[in-house]
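Q: Just so it is clear, I am handing over work.txt, which has compact mmCIF, C-alpha atoms.
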```
# COMPACT_ATOMS: atom_id res chain seq x y z
CA MET V 1 107.66 90.11 64.13
CA LYS V 2 111.04 91.25 62.85
CA LYS V 3 109.40 93.95 60.72
CA ASP V 4 107.29 95.14 63.67
CA LEU V 5 110.34 95.24 65.93
CA LYS V 6 112.29 97.28 63.39
CA GLU V 7 109.40 99.79 63.15
CA ASP V 8 109.24 100.01 66.95
CA ILE V 9 112.96 100.74 67.17
CA ASP V 10 112.72 103.36 64.43
CA ALA V 11 109.84 104.98 66.35
CA VAL V 12 112.08 105.24 69.41
CA PHE V 13 114.79 107.03 67.42
CA THR V 14 112.19 109.35 65.91
CA ARG V 15 110.62 110.39 69.23
CA ASP V 16 113.41 110.02 71.82
CA PRO V 17 116.63 112.04 71.33
CA ALA V 18 118.28 110.05 74.14
CA ALA V 19 118.36 106.87 72.04
CA ARG V 20 121.85 106.19 70.67
CA ASN V 21 121.86 102.76 69.00
CA SER V 22 119.58 99.81 68.32
CA LEU V 23 121.26 97.48 70.80
CA GLU V 24 120.78 99.97 73.61
CA VAL V 25 117.11 100.36 72.69
CA ILE V 26 116.49 96.59 72.62
CA LEU V 27 118.26 95.96 75.93
CA THR V 28 117.26 98.95 78.05
CA TYR V 29 113.91 100.32 76.84
CA PRO V 30 111.00 98.82 78.85
CA GLY V 31 108.49 100.05 76.27
CA ILE V 32 110.05 97.76 73.66
CA HIS V 33 110.03 94.81 76.07
CA ALA V 34 106.38 95.44 76.97
CA LEU V 35 105.41 95.59 73.30
CA ILE V 36 107.19 92.33 72.43
CA LEU V 37 105.60 90.50 75.34
CA HIS V 38 102.19 92.01 74.63
CA ARG V 39 102.22 90.83 71.03
CA GLY V 40 102.88 87.29 72.23
CA ALA V 41 100.21 87.51 74.91
CA HIS V 42 97.71 89.02 72.47
CA CYS V 43 98.31 86.19 70.00
CA LEU V 44 97.65 83.63 72.74
CA TRP V 45 94.53 85.50 73.83
CA GLN V 46 93.18 85.47 70.30
CA ASN V 47 93.75 81.69 70.17
CA GLU V 48 91.81 81.09 73.41
CA GLN V 49 94.95 80.51 75.48
CA LYS V 50 93.84 83.13 77.96
CA LEU V 51 95.54 81.83 81.09
CA ALA V 52 98.92 81.71 79.34
CA ALA V 53 98.26 85.19 77.95
CA ARG V 54 97.52 86.57 81.41
CA VAL V 55 100.65 84.94 82.83
CA ILE V 56 102.80 86.61 80.17
CA SER V 57 101.04 89.92 80.78
CA TYR V 58 101.68 89.61 84.51
CA GLY V 59 105.33 88.77 83.92
CA SER V 60 105.65 91.80 81.65
CA ARG V 61 104.20 93.96 84.40
CA ILE V 62 106.78 92.68 86.91
CA ILE V 63 109.68 93.22 84.51
CA THR V 64 108.73 96.54 82.91
CA GLY V 65 106.25 98.23 85.26
CA ILE V 66 103.84 98.48 82.32
CA GLU V 67 100.49 96.71 82.54
CA ILE V 68 98.80 95.92 79.21
CA HIS V 69 95.84 93.59 79.13
CA PRO V 70 96.36 90.83 76.53
CA ALA V 71 93.07 91.70 74.82
CA ALA V 72 94.05 95.34 74.17
CA LYS V 73 94.58 96.18 70.51
CA ILE V 74 97.74 98.14 69.70
CA GLY V 75 98.75 99.49 66.31
CA ARG V 76 102.12 99.98 64.69
CA ARG V 77 105.00 102.22 65.80
CA PHE V 78 103.59 102.53 69.31
CA PHE V 79 106.07 104.35 71.57
CA ILE V 80 106.11 104.22 75.37
CA ASP V 81 108.56 106.69 76.92
CA HIS V 82 109.89 105.67 80.36
CA GLY V 83 106.78 103.54 80.83
CA MET V 84 106.62 103.04 84.60
CA GLY V 85 103.04 103.00 85.86
CA ILE V 86 101.26 102.74 82.51
CA VAL V 87 97.96 100.81 82.59
CA ILE V 88 96.08 99.84 79.40
CA GLY V 89 92.72 98.18 79.87
CA GLU V 90 91.14 95.18 78.20
CA THR V 91 88.96 96.92 75.61
CA ALA V 92 91.40 99.76 74.86
CA GLU V 93 92.31 100.28 71.21
CA ILE V 94 95.43 102.16 70.14
CA GLY V 95 96.11 103.28 66.58
CA ASN V 96 99.38 103.82 64.74
CA ASP V 97 102.13 106.25 65.79
CA VAL V 98 100.69 106.79 69.28
CA THR V 99 102.94 108.01 72.12
CA LEU V 100 102.36 107.42 75.84
CA TYR V 101 104.48 108.84 78.65
CA HIS V 102 104.87 107.31 82.12
CA GLY V 103 101.94 107.09 84.50
CA VAL V 104 99.24 107.07 81.81
CA THR V 105 96.01 105.17 82.47
CA LEU V 106 93.67 104.08 79.70
CA GLY V 107 90.92 102.91 82.01
CA GLY V 108 87.20 102.40 82.36
CA VAL V 109 84.48 103.90 84.53
CA SER V 110 82.04 100.98 84.40
CA TRP V 111 81.95 97.38 85.55
CA ASN V 112 79.64 96.37 82.71
CA ASN V 113 80.77 93.96 80.03
CA GLY V 114 81.59 95.28 76.59
CA LYS V 115 83.53 98.36 75.57
CA ARG V 116 84.79 100.09 78.72
CA HIS V 117 88.11 101.66 77.73
CA PRO V 118 89.08 104.46 75.32
CA THR V 119 90.09 104.28 71.69
CA LEU V 120 93.15 106.32 70.68
CA GLU V 121 93.33 107.04 66.97
CA ASP V 122 96.52 107.53 64.94
CA GLY V 123 99.10 110.05 66.14
CA VAL V 124 97.69 110.68 69.62
CA ILE V 125 100.11 111.90 72.32
CA VAL V 126 99.27 111.37 76.00
CA GLY V 127 101.44 113.22 78.54
CA ALA V 128 102.79 111.89 81.83
CA GLY V 129 100.23 110.96 84.47
CA ALA V 130 97.18 111.57 82.28
CA LYS V 131 94.02 109.53 82.84
CA VAL V 132 91.78 108.74 79.87
CA LEU V 133 88.70 107.06 81.30
CA GLY V 134 85.70 105.70 79.45
CA PRO V 135 84.57 104.06 76.19
CA PHE V 136 85.04 107.05 73.92
CA THR V 137 87.38 108.03 71.09
CA VAL V 138 90.36 110.37 71.20
CA GLY V 139 90.56 111.74 67.68
CA LYS V 140 93.46 111.54 65.28
CA GLY V 141 96.42 113.74 66.21
CA ALA V 142 94.91 114.86 69.54
CA LYS V 143 97.17 115.70 72.48
CA ILE V 144 96.53 115.22 76.18
CA GLY V 145 98.70 117.11 78.64
CA SER V 146 100.31 115.92 81.85
CA ASN V 147 97.93 114.86 84.65
CA ALA V 148 94.85 115.67 82.58
CA VAL V 149 91.71 113.71 83.38
CA VAL V 150 89.71 113.10 80.20
CA VAL V 151 86.24 111.60 80.48
CA LYS V 152 84.61 112.69 77.22
CA PRO V 153 85.36 112.34 73.49
CA VAL V 154 88.19 114.42 72.07
CA PRO V 155 87.96 115.77 68.49
CA ALA V 156 90.81 115.20 66.08
CA GLY V 157 93.69 117.63 66.52
CA ALA V 158 92.47 119.05 69.86
CA THR V 159 94.63 119.57 72.95
CA MET V 160 93.28 118.67 76.39
CA VAL V 161 94.76 119.99 79.65
CA GLY V 162 93.63 120.16 83.26
CA SER V 163 91.60 118.05 85.65
CA ALA V 164 88.94 117.50 84.58
CA ALA V 165 90.47 118.36 81.25
CA ARG V 166 89.30 121.38 79.28
CA MET V 167 89.94 121.89 75.61
CA ILE V 168 92.33 124.49 74.25
CA SER V 169 91.78 124.55 70.53
CA ASP V 170 91.57 127.19 67.84
CA HIS V 171 88.96 125.09 66.04
CA HIS V 172 86.66 123.87 68.88
CA ASP V 173 85.07 125.35 71.98
CA GLU V 174 85.31 123.64 75.41
CA LYS V 175 82.28 121.47 74.55
CA GLY V 176 83.92 120.19 71.36
CA ASN V 177 81.74 122.20 69.00
CA PRO V 178 83.52 123.51 65.86
CA ILE V 179 84.35 127.21 65.83
CA VAL V 180 83.89 129.16 62.63
CA THR V 181 87.32 129.83 61.14
CA LYS V 182 88.46 133.41 61.53
CA ALA V 183 89.25 135.37 58.41
CA ASN V 184 92.93 135.40 57.63
CA ASP V 185 92.77 138.01 54.93
CA ALA V 186 94.65 141.12 56.05
CA LYS V 187 92.35 143.42 54.11
CA GLN V 188 89.24 142.04 55.80
CA GLN V 189 90.83 142.44 59.22
CA GLU V 190 91.85 146.01 58.43
CA SER V 191 88.39 146.98 57.20
CA THR V 192 86.78 145.45 60.29
CA ILE V 193 89.07 147.36 62.61
CA ASN V 194 88.53 150.62 60.73
CA ALA V 195 84.75 150.22 60.87
CA ALA V 196 84.81 149.51 64.63
CA ALA V 197 87.22 152.30 65.56
CA SER V 198 87.86 154.63 62.66
CA ASN V 199 88.91 157.55 64.91
CA ASP V 200 91.29 155.67 67.15
CA ASN V 201 94.60 154.88 65.47
CA GLN V 202 96.22 153.86 68.71
CA GLU V 203 93.56 151.25 69.35
CA GLN V 204 94.12 149.86 65.85
CA SER V 205 97.81 149.45 66.61
CA ASN V 206 97.09 147.63 69.87
CA ILE V 207 94.62 145.26 68.19
CA SER V 208 97.15 144.43 65.48
CA LYS V 209 99.80 143.66 68.09
CA ASN V 210 97.43 141.44 70.08
CA GLU V 211 96.38 139.54 66.95
CA SER V 212 100.03 139.06 66.06
CA LYS V 213 100.81 137.68 69.52
CA THR V 214 97.78 135.38 69.41
CA SER V 215 98.72 133.93 66.03
CA THR V 216 102.31 133.44 67.17
CA SER V 217 101.14 131.63 70.31
CA SER V 218 98.75 129.44 68.35
CA SER V 219 101.35 128.46 65.79
CA ALA V 220 103.90 127.69 68.50
CA ARG V 221 101.40 125.55 70.37
CA ASP V 222 100.39 123.71 67.19
CA THR V 223 103.93 122.93 66.06
CA ALA V 224 105.58 122.09 69.39
CA PHE V 225 103.28 120.22 71.74
CA GLN V 226 104.70 119.90 75.23
CA ALA V 227 104.07 116.39 76.55
CA TYR V 228 103.87 117.71 80.11
CA GLY V 229 101.02 120.06 79.23
CA ILE V 230 102.94 123.32 79.76
CA ASP V 231 104.45 125.70 77.24
CA PRO V 232 105.58 129.35 77.43
CA TYR V 233 102.21 130.47 76.11
CA SER V 234 100.07 128.58 78.65
CA GLN V 235 98.28 130.61 81.32
CA ASP V 236 98.10 129.36 84.89
CA PRO V 237 94.32 129.24 85.57
CA VAL V 238 94.86 129.90 89.31
CA ALA V 239 97.05 132.94 88.67
CA GLU V 240 94.57 134.21 86.08
CA ALA V 241 91.70 133.88 88.57
CA PHE V 242 93.69 135.75 91.20
CA ALA V 243 94.45 138.47 88.67
CA LYS V 244 90.76 138.98 87.91
CA MET V 245 89.89 139.03 91.63
CA LEU V 246 92.61 141.58 92.41
CA GLU V 247 91.51 143.75 89.52
CA HIS V 248 87.94 143.70 90.80
CA ILE V 249 89.10 144.59 94.34
CA GLN V 250 91.11 147.53 93.02
CA GLN V 251 88.10 148.79 91.07
CA SER V 252 85.97 148.53 94.22
CA GLU V 253 88.56 150.45 96.23
CA ASN V 254 88.63 153.22 93.63
CA ARG V 255 84.86 153.43 93.74
CA LEU V 256 84.88 153.68 97.53
CA ASP V 257 87.45 156.49 97.35
CA GLN V 258 85.15 158.39 94.96
CA LEU V 259 82.16 157.90 97.26
CA GLN V 260 84.20 159.05 100.24
CA ALA V 261 85.33 162.19 98.39
CA ALA V 262 81.72 162.97 97.46
CA MET V 263 80.61 162.54 101.08
CA CYS V 264 83.33 164.91 102.24
CA LYS V 265 82.03 167.60 99.88
CA ILE V 266 78.48 167.19 101.17
CA ASP V 267 79.44 166.96 104.85
CA PRO V 268 82.72 168.69 105.74
CA ASP V 269 82.57 167.05 109.16
CA PHE V 270 82.67 163.60 107.58
CA CYS V 271 85.76 161.89 108.97
CA LYS V 272 88.09 160.37 106.45
CA LYS V 273 89.40 157.04 107.59
CA GLU V 274 92.77 155.98 106.33
CA TYR V 275 93.07 152.29 105.56
CA ASP V 276 95.75 150.07 104.13
CA LYS V 277 95.12 149.57 100.45
CA LEU V 278 95.85 146.36 98.61
CA CYS V 279 99.39 146.29 97.25
CA LEU V 280 100.62 143.74 94.71
CA GLU V 281 104.09 143.79 96.25
CA ASP V 282 102.60 142.28 99.43
CA LEU V 283 101.34 139.23 97.55
CA ASP V 284 103.60 136.33 96.64
CA VAL V 285 101.02 134.50 94.54
CA ILE V 286 100.90 136.89 91.64
CA GLY V 287 102.89 139.89 90.48
CA GLN V 288 102.27 143.03 88.47
CA LYS V 289 103.45 141.32 85.27
CA ASP V 290 100.78 138.64 85.64
CA MET V 291 98.15 141.31 86.36
CA ASP V 292 99.08 143.29 83.26
CA GLN V 293 99.07 140.16 81.12
CA ALA V 294 95.69 138.99 82.41
CA GLY V 295 94.25 142.50 81.96
CA ALA V 296 95.49 142.66 78.39
CA GLU V 297 93.95 139.27 77.58
CA GLN V 298 90.64 140.28 79.16
CA LYS V 299 90.52 143.43 76.99
```
Turn the structure described in the file into structure tokens.

A:
Amino acid sequence: MKKDLKEDIDAVFTRDPAARNSLEVILTYPGIHALILHRGAHCLWQNEQKLAARVISYGSRIITGIEIHPAAKIGRRFFIDHGMGIVIGETAEIGNDVTLYHGVTLGGVSWNNGKRHPTLEDGVIVGAGAKVLGPFTVGKGAKIGSNAVVVKPVPAGATMVGSAARMISDHHDEKGNPIVTKANDAKQQESTINAAASNDNQEQSNISKNESKTSTSSSARDTAFQAYGIDPYSQDPVAEAFAKMLEHIQQSENRLDQLQAAMCKIDPDFCKKEYDKLCLEDLDVIGQKDMDQAGAEQK
């Protein structure tokens, strides 16, 4: 128990910059208290002292705001940040070096006996308010963003965001299928670009810049996961949808203007009607910068 406690305290220092000394961690971190009490309750549960185990679990919930069923299996160096509102179900299994933020639920979607709760493999990070529901596995090193709702297996190393969560991964599509690795060789990229657009040097320059930005975004996302599911490279799906709609409306307006001009040439008596055109400055939801960014990504 002493060795486990030391590892738990070291995990706090590794993953929480607010921690200052061991005494402070032991006295004021509810995640540490919940882990100590859970280990005792789990031991009693394994020795058929289930009522005593549930009493300890209930007391831990009152003291820490963290509810862990005594039967749940938890690995080493488990870190709970803040902790309030965390619920871990009976058949949940948690590997080593896992991190949970406040408001996380590892729950089930069935009332049947047997495995009902998720399995989190080593190194998983679950952001604040996320719900992981069902008897599936979240792969090693996977990350789940804030308020995501995950109801299907997650491959190792993937990042899940949204409700219901969708996958953002350079190695898997949204269904979890592996994506063929893109060639990283600069010569192969150059030859491909030259073959596709040999007479357009400007287009080659734009493609190179876009590839550079994409690789920078991917590397930043891979190396610095944001526990709350948002980073400077994330795109707001609502704003992106608005951008596409506004772009389509502008294209339709341009087409109507062309048709109107053609009608005026055919029939000089055709009356031109002036109408208020859509202006981005009149919209508070999305600005020109978002439109340009969404248009560039679509191209």

Q: Report the distance between atom CA of V:Ser110 and atom CA of V:Ala92 in Å, rounded to one decimal place.

A: 13.4 Å

Q: In Å to one decimal, how far is atom CA of V:Glu90 from atom CA of V:Glu67?

A: 10.4 Å

Q: V:Gly40, V:Gly157, V:Pro135, V:Gly31: which is nearest V:Met84, counting all atoms listed in the file?

A: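 Smallest separation from V:Met84 among the options: V:Gly31.
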
Q: Residues within 10 Å of stretch 56-62 of chain V, please, as a ChimeraX atom specification. Count only C-alpha atoms; anything in the same chain fewer than 2 positions from it doesn't count.

A: /V:30,33-42,44,50-54,64-70,84-87

Q: For the atom pair atom CA of V:Lys131 and atom CA of V:Gly89, what is the interatomic distance in Å to one decimal place?

A: 11.8 Å

Q: For V:Thr137, find every residue with an atom within 9 Å (counting only C-alpha atoms), except residues of its own chain fewer than 6 positions away, and show them as a ChimeraX atom specification.

A: /V:118-121,152-155

Q: Store the residues picked out above in a file with C-alpha atoms, as a PDB file, in the frame of the given file.

A:
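Wrote it out as again_33.pdb, contents follow:
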```pdb
ATOM      1  CA  PRO V 118      89.080 104.460  75.320  1.00  0.00           C
ATOM      2  CA  THR V 119      90.090 104.280  71.690  1.00  0.00           C
ATOM      3  CA  LEU V 120      93.150 106.320  70.680  1.00  0.00           C
ATOM      4  CA  GLU V 121      93.330 107.040  66.970  1.00  0.00           C
ATOM      5  CA  LYS V 152      84.610 112.690  77.220  1.00  0.00           C
ATOM      6  CA  PRO V 153      85.360 112.340  73.490  1.00  0.00           C
ATOM      7  CA  VAL V 154      88.190 114.420  72.070  1.00  0.00           C
ATOM      8  CA  PRO V 155      87.960 115.770  68.490  1.00  0.00           C
TER       9      PRO V 155
END
```

Q: Compile the contact shell of V:Val150 as a ChimeraX atom specification: residues with an atom at most 9 Å away, counting all atoms listed in the file, same-chain residues fewer than 2 positions apart removed.

A: /V:130-134,144,148,152-154,160-166
